[in-house]
file data.txt (compact mmCIF, C-alpha atoms)
# COMPACT_ATOMS: atom_id res chain seq x y z
CA MET H 1355 -6.44 -27.61 0.44
CA ASN H 1356 -10.00 -27.88 -0.84
CA GLY H 1357 -13.26 -26.87 0.76
CA VAL H 1358 -14.77 -23.66 2.07
CA TYR H 1359 -12.38 -21.17 3.65
CA ASP H 1360 -13.52 -19.31 6.74
CA LEU H 1361 -12.32 -15.78 6.11
CA GLY H 1362 -14.09 -14.49 9.23
CA PRO H 1363 -11.20 -14.56 11.72
CA ALA H 1364 -8.85 -12.87 9.24
CA THR H 1365 -11.29 -10.22 8.01
CA ARG H 1366 -12.40 -9.33 11.54
CA ARG H 1367 -8.76 -8.94 12.55
CA LEU H 1368 -8.02 -6.79 9.50
CA SER H 1369 -11.12 -4.66 10.12
CA ALA H 1370 -9.92 -3.93 13.65
CA LEU H 1371 -6.50 -2.98 12.30
CA VAL H 1372 -8.06 -0.66 9.71
CA SER H 1373 -10.03 1.07 12.46
CA GLY H 1374 -6.81 1.58 14.41
CA VAL H 1375 -4.96 3.46 11.67
CA ARG H 1376 -4.37 7.13 12.48
CA ASP H 1377 -4.58 9.83 9.83
CA ASP H 1378 -0.95 10.77 10.45
CA GLN H 1379 0.09 7.23 9.46
CA LEU H 1380 -1.43 7.24 5.97
CA ARG H 1381 1.83 8.27 4.25
CA ALA H 1382 4.02 5.91 6.31
CA ARG H 1383 5.93 3.11 4.63
CA THR H 1384 4.85 -0.54 4.79
CA PRO H 1385 6.53 -3.93 4.24
CA CYS H 1386 5.12 -3.69 0.68
CA GLU H 1387 7.69 -1.38 -0.92
CA ALA H 1388 5.24 -0.08 -3.52
CA TYR H 1389 2.67 1.01 -0.93
CA THR H 1390 2.31 3.58 1.80
CA VAL H 1391 -0.22 2.77 4.53
CA GLY H 1392 -2.87 4.71 2.61
CA ASP H 1393 -2.03 2.95 -0.65
CA LEU H 1394 -2.25 -0.39 1.16
CA LEU H 1395 -5.67 0.53 2.55
CA ASP H 1396 -6.83 1.35 -0.99
CA HIS H 1397 -5.44 -2.01 -2.17
CA ILE H 1398 -7.32 -3.80 0.63
CA ARG H 1399 -10.47 -1.94 -0.40
CA GLY H 1400 -9.98 -2.96 -4.02
CA LEU H 1401 -9.17 -6.60 -3.35
CA SER H 1402 -12.20 -6.91 -1.06
CA ILE H 1403 -14.47 -5.75 -3.86
CA ALA H 1404 -12.70 -7.75 -6.58
CA PHE H 1405 -12.56 -11.06 -4.72
CA ALA H 1406 -16.12 -10.80 -3.41
CA ALA H 1407 -17.17 -10.33 -7.03
CA ALA H 1408 -14.99 -13.31 -8.01
CA ALA H 1409 -16.84 -15.46 -5.48
CA ARG H 1410 -20.14 -14.39 -7.04
CA LYS H 1411 -18.71 -14.91 -10.57
CA SER H 1412 -19.47 -11.28 -11.42
CA PRO H 1413 -16.09 -9.51 -11.61
CA PRO H 1414 -16.12 -5.70 -11.26
CA GLY H 1415 -14.53 -3.27 -13.68
CA SER H 1416 -10.81 -3.37 -14.37
CA ASP H 1417 -10.22 -0.22 -12.31
CA ILE H 1418 -10.75 -2.25 -9.12
CA ALA H 1419 -8.47 -5.11 -10.11
CA GLY H 1420 -5.55 -3.05 -11.34
CA GLY H 1421 -1.89 -3.07 -10.39
CA ALA H 1422 0.07 -1.37 -7.64
CA ALA H 1423 0.38 1.89 -9.56
CA GLN H 1424 -3.39 2.37 -9.46
CA PHE H 1425 -3.81 2.07 -5.69
CA SER H 1426 -3.35 5.33 -3.83
CA VAL H 1427 -4.20 6.98 -0.55
CA ASP H 1428 -5.80 9.67 -2.72
CA ASN H 1429 -8.47 7.17 -3.82
CA LEU H 1430 -9.68 6.45 -0.28
CA PRO H 1431 -13.23 7.62 0.45
CA ALA H 1432 -13.65 9.93 3.44
CA ASP H 1433 -15.39 7.15 5.39
CA TRP H 1434 -12.78 4.44 4.68
CA ARG H 1435 -12.73 3.31 8.32
CA GLU H 1436 -16.36 2.25 7.88
CA THR H 1437 -16.44 1.18 4.23
CA ILE H 1438 -13.39 -1.11 4.26
CA PRO H 1439 -14.64 -3.23 7.21
CA ARG H 1440 -18.05 -3.45 5.52
CA GLN H 1441 -16.42 -4.63 2.28
CA LEU H 1442 -14.35 -7.18 4.22
CA GLU H 1443 -17.55 -8.51 5.78
CA GLU H 1444 -19.07 -8.84 2.31
CA LEU H 1445 -15.94 -10.70 1.19
CA THR H 1446 -16.35 -13.15 4.07
CA THR H 1447 -20.01 -13.71 3.26
CA ALA H 1448 -19.29 -14.26 -0.44
CA TRP H 1449 -16.70 -16.99 0.23
CA ALA H 1450 -18.87 -18.69 2.87
CA ASP H 1451 -21.08 -19.97 0.02
CA PRO H 1452 -19.88 -23.42 -1.17
CA ASP H 1453 -21.01 -22.53 -4.71
CA ALA H 1454 -18.35 -19.80 -4.79
CA TYR H 1455 -15.68 -22.50 -5.12
CA GLU H 1456 -17.18 -24.17 -8.20
CA GLY H 1457 -15.74 -23.74 -11.69
CA GLN H 1458 -13.68 -20.83 -12.94
CA THR H 1459 -13.79 -17.14 -12.05
CA GLN H 1460 -11.94 -13.90 -12.72
CA ALA H 1461 -9.87 -11.70 -10.42
CA GLY H 1462 -7.11 -9.21 -11.09
CA GLY H 1463 -7.64 -9.58 -14.81
CA LEU H 1464 -6.95 -13.33 -14.66
CA THR H 1465 -9.15 -16.35 -15.13
CA LEU H 1466 -8.45 -18.96 -12.47
CA PRO H 1467 -10.11 -21.85 -10.63
CA ALA H 1468 -12.58 -20.48 -8.10
CA GLN H 1469 -11.01 -22.69 -5.41
CA VAL H 1470 -7.68 -20.92 -5.96
CA ALA H 1471 -9.38 -17.51 -5.88
CA GLY H 1472 -10.83 -18.38 -2.48
CA MET H 1473 -7.39 -19.33 -1.22
CA VAL H 1474 -5.89 -16.10 -2.60
CA SER H 1475 -8.64 -14.09 -0.90
CA LEU H 1476 -7.69 -15.49 2.49
CA GLU H 1477 -3.95 -15.19 1.82
CA GLU H 1478 -4.29 -11.54 0.79
CA VAL H 1479 -6.35 -10.61 3.86
CA VAL H 1480 -3.92 -12.31 6.23
CA LEU H 1481 -0.68 -11.04 4.69
CA HIS H 1482 -1.93 -7.49 4.26
CA GLY H 1483 -3.24 -7.59 7.81
CA TRP H 1484 0.31 -8.32 8.94
CA ASP H 1485 1.63 -5.57 6.65
CA LEU H 1486 -0.80 -3.04 8.11
CA ALA H 1487 -0.12 -4.08 11.69
CA ARG H 1488 3.64 -3.79 11.24
CA ALA H 1489 3.41 -0.44 9.47
CA THR H 1490 1.15 1.10 12.12
CA GLY H 1491 2.62 -0.47 15.26
CA GLN H 1492 -0.46 -2.55 16.06
CA PRO H 1493 -0.36 -6.10 17.43
CA PHE H 1494 -1.05 -8.96 15.02
CA ASP H 1495 -1.99 -12.57 15.48
CA VAL H 1496 -3.16 -15.21 13.05
CA ASP H 1497 -5.35 -18.23 13.68
CA GLU H 1498 -3.85 -21.63 12.98
CA GLU H 1499 -6.11 -22.54 10.06
CA SER H 1500 -5.46 -19.27 8.25
CA ALA H 1501 -1.71 -19.64 8.82
CA LYS H 1502 -1.83 -23.12 7.25
CA VAL H 1503 -3.63 -21.82 4.15
CA VAL H 1504 -1.19 -18.93 3.74
CA PHE H 1505 1.76 -21.28 4.15
CA GLU H 1506 0.32 -23.67 1.56
CA PHE H 1507 -0.24 -20.88 -0.96
CA THR H 1508 3.14 -19.21 -0.44
CA SER H 1509 4.88 -22.58 -0.63
CA MET H 1510 3.24 -23.26 -3.99
CA SER H 1511 4.19 -19.80 -5.26
CA ALA H 1512 7.82 -20.35 -4.26
CA SER H 1513 8.14 -23.63 -6.14
CA SER H 1514 10.48 -23.67 -9.13
CA GLU H 1515 7.51 -24.18 -11.48
CA GLN H 1516 5.81 -21.00 -10.22
CA LEU H 1517 8.74 -18.58 -9.96
CA ALA H 1518 7.82 -16.79 -13.19
CA ASN H 1519 4.21 -16.40 -12.03
CA ARG H 1520 5.06 -14.82 -8.67
CA GLU H 1521 6.43 -11.63 -10.22
CA GLY H 1522 4.17 -8.78 -9.18
CA LEU H 1523 2.58 -10.96 -6.51
CA PHE H 1524 5.49 -11.51 -4.12
CA GLY H 1525 9.08 -10.35 -3.78
CA ALA H 1526 12.08 -12.65 -3.62
CA VAL H 1527 11.88 -15.34 -0.93
CA VAL H 1528 13.35 -14.21 2.40
CA ASP H 1529 15.23 -16.89 4.33
CA VAL H 1530 13.90 -17.53 7.84
CA PRO H 1531 15.57 -19.69 10.49
CA ALA H 1532 14.94 -23.42 10.47
CA GLY H 1533 12.20 -24.26 12.92
CA ALA H 1534 10.60 -20.81 12.68
CA PRO H 1535 6.84 -20.63 13.34
CA LEU H 1536 4.70 -21.64 10.36
CA PHE H 1537 3.45 -18.11 9.75
CA ASP H 1538 6.99 -16.70 9.83
CA GLN H 1539 7.89 -19.28 7.18
CA ALA H 1540 4.91 -18.14 5.10
CA LEU H 1541 6.01 -14.52 5.47
CA GLY H 1542 9.47 -15.41 4.20
CA LEU H 1543 8.03 -17.36 1.28
CA SER H 1544 5.93 -14.31 0.40
CA GLY H 1545 9.04 -12.13 0.26
CA ARG H 1546 8.50 -10.53 3.66
CA ASP H 1547 10.98 -10.26 6.50
CA PRO H 1548 9.21 -11.44 9.68
CA ASN H 1549 11.37 -8.95 11.63
CA TRP H 1550 10.36 -5.93 9.53
CA SER H 1551 9.46 -2.84 11.54
CA ALA H 1552 8.47 0.70 10.63
call {"tool": "encode", "arguments": {"input": "data.txt", "output": "structure tokens"}}
result
Amino acid sequence: MNGVYDLGPATRRLSALVSGVRDDQLRARTPCEAYTVGDLLDHIRGLSIAFAAAARKSPPGSDIAGGAAQFSVDNLPADWRETIPRQLEELTTAWADPDAYEGQTQAGGLTLPAQVAGMVSLEEVVLHGWDLARATGQPFDVDEESAKVVFEFTSMSASSEQLANREGLFGAVVDVPAGAPLFDQALGLSGRDPNWSA
């Protein structure tokens, strides 16, 4: 899928979920085995900064784009309920610029086509929105266009040619029933169980 991705519906949804997290949930587990809720929030904070910078072709320092071991609830600023939604809004604005999709860029220590980075930005916001909603008992919905993009990306990552590249990005594919909703299929392809609950 080429073109400009509208991250707005997904980032607004994620911002609302962030605002709904209680302090007593920060150490709770999530569908991402490596992360607690607080760790996941720090990851969302980091990816928002890193992928907004990727859209502008001005990647931040490596501390923002690091691996799972570097993201921690202990890194969250005191005003995370305000700063993360603001960073998500900046992410949306950055990828609304058609020039963001031109050429190559850097994110997570990798050089990749900017078009792919835009797709990853949307996929990360949507999937981690679902993770956060499930971990904190909040409702989650996804718009049809975002679900299509996430399904396309997770389908590509599950192809036999990409299996080696998905390590560290997604877990093993989870089988979902035939005829499952498109987003449930995308969740399975991303290594998530659509029926996961806290």
call {"tool": "atom_distance", "arguments": {"input": "data.txt", "atom1": "CA of Asp1497 in chain H", "atom2": "CA of Thr1365 in chain H"}}
result
11.5 Å
call {"tool": "residues_near_point", "arguments": {"input": "data.txt", "point": "(-12.4, -14.4, 8.5)", "cutoff": "9 Å", "atoms": "all atoms listed in the file", "output": "mmCIF file with C-alpha atoms, in the coordinates of the input"}}
result
data_model
loop_
_atom_site.group_PDB
_atom_site.id
_atom_site.type_symbol
_atom_site.label_atom_id
_atom_site.label_comp_id
_atom_site.auth_asym_id
_atom_site.auth_seq_id
_atom_site.Cartn_x
_atom_site.Cartn_y
_atom_site.Cartn_z
ATOM 1 C CA TYR H 1359 -12.380 -21.170 3.650
ATOM 2 C CA ASP H 1360 -13.520 -19.310 6.740
ATOM 3 C CA LEU H 1361 -12.320 -15.780 6.110
ATOM 4 C CA GLY H 1362 -14.090 -14.490 9.230
ATOM 5 C CA PRO H 1363 -11.200 -14.560 11.720
ATOM 6 C CA ALA H 1364 -8.850 -12.870 9.240
ATOM 7 C CA THR H 1365 -11.290 -10.220 8.010
ATOM 8 C CA ARG H 1366 -12.400 -9.330 11.540
ATOM 9 C CA ARG H 1367 -8.760 -8.940 12.550
ATOM 10 C CA LEU H 1368 -8.020 -6.790 9.500
ATOM 11 C CA LEU H 1442 -14.350 -7.180 4.220
ATOM 12 C CA GLU H 1443 -17.550 -8.510 5.780
ATOM 13 C CA LEU H 1445 -15.940 -10.700 1.190
ATOM 14 C CA THR H 1446 -16.350 -13.150 4.070
ATOM 15 C CA LEU H 1476 -7.690 -15.490 2.490
ATOM 16 C CA VAL H 1479 -6.350 -10.610 3.860
ATOM 17 C CA SER H 1500 -5.460 -19.270 8.250
#
call {"tool": "closest_residue", "arguments": {"input": "data.txt", "among": "H:Asp1529, H:Asp1433, H:Glu1506, H:Glu1477", "to": "Val1372 in chain H", "atoms": "all atoms listed in the file"}}
result
H:Asp1433
call {"tool": "atom_distance", "arguments": {"input": "data.txt", "atom1": "CA of Ala1532 in chain H", "atom2": "CA of Ser1509 in chain H"}}
result
15.0 Å
call {"tool": "residues_around", "arguments": {"input": "data.txt", "residues": "Ser1551 in chain H", "least_positions_apart": "3", "cutoff": "8 Å", "atoms": "only C-alpha atoms", "output": "JSON list (two decimals) with C-alpha atoms, in the coordinates of the input"}}
result
[["chain", "number", "residue", "atom", "x", "y", "z"],
["H", 1385, "PRO", "CA", 6.53, -3.93, 4.24],
["H", 1488, "ARG", "CA", 3.64, -3.79, 11.24],
["H", 1489, "ALA", "CA", 3.41, -0.44, 9.47]]
call {"tool": "atom_distance", "arguments": {"input": "data.txt", "atom1": "CA of Ser1426 in chain H", "atom2": "CA of Asp1393 in chain H"}}
result
4.2 Å
call {"tool": "closest_residue", "arguments": {"input": "data.txt", "among": "H:Trp1449, H:Phe1505, H:Phe1537, H:Tyr1455", "to": "Ser1402 in chain H", "atoms": "all atoms listed in the file"}}
result
H:Trp1449
call {"tool": "residues_near_point", "arguments": {"input": "data.txt", "point": "(-22.9, -13.1, -3.9)", "cutoff": "12 Å", "atoms": "all atoms listed in the file", "output": "number ranges by chain"}}
result
H: 1403-1413, 1443-1455
call {"tool": "closest_residue", "arguments": {"input": "data.txt", "among": "H:Ser1513, H:Ser1544, H:Thr1508, H:Ser1475", "to": "Gly1525 in chain H", "atoms": "only C-alpha atoms"}}
result
H:Ser1544
call {"tool": "axis_aligned_box", "arguments": {"input": "data.txt", "around": "range 1445-1457 of chain H", "padding_each_side": "8 Å", "output": "JSON"}}
result
{"center_x": -18.4, "center_y": -17.4, "center_z": -3.8, "size_x": 21.4, "size_y": 29.5, "size_z": 31.8}
call {"tool": "closest_residue", "arguments": {"input": "data.txt", "among": "H:Leu1380, H:Ala1471, H:Val1375, H:Val1527", "to": "Leu1401 in chain H", "atoms": "all atoms listed in the file"}}
result
H:Ala1471
call {"tool": "closest_residue", "arguments": {"input": "data.txt", "among": "H:Asp1428, H:Asp1485, H:Glu1456, H:Glu1436", "to": "Asp1396 in chain H", "atoms": "only C-alpha atoms"}}
result
H:Asp1428
call {"tool": "closest_residue", "arguments": {"input": "data.txt", "among": "H:Ala1552, H:Leu1536, H:Ala1461, H:Ala1432", "to": "Gln1379 in chain H", "atoms": "only C-alpha atoms"}}
result
H:Ala1552
call {"tool": "residues_around", "arguments": {"input": "data.txt", "residues": "range 1547-1550 of chain H", "least_positions_apart": "6", "cutoff": "7 Å", "atoms": "only C-alpha atoms", "output": "compact mmCIF listing (two decimals) with C-alpha atoms, in the frame of the given file"}}
result
# COMPACT_ATOMS: atom_id res chain seq x y z
CA PRO H 1385 6.53 -3.93 4.24
CA VAL H 1528 13.35 -14.21 2.40
CA ASP H 1538 6.99 -16.70 9.83
CA LEU H 1541 6.01 -14.52 5.47
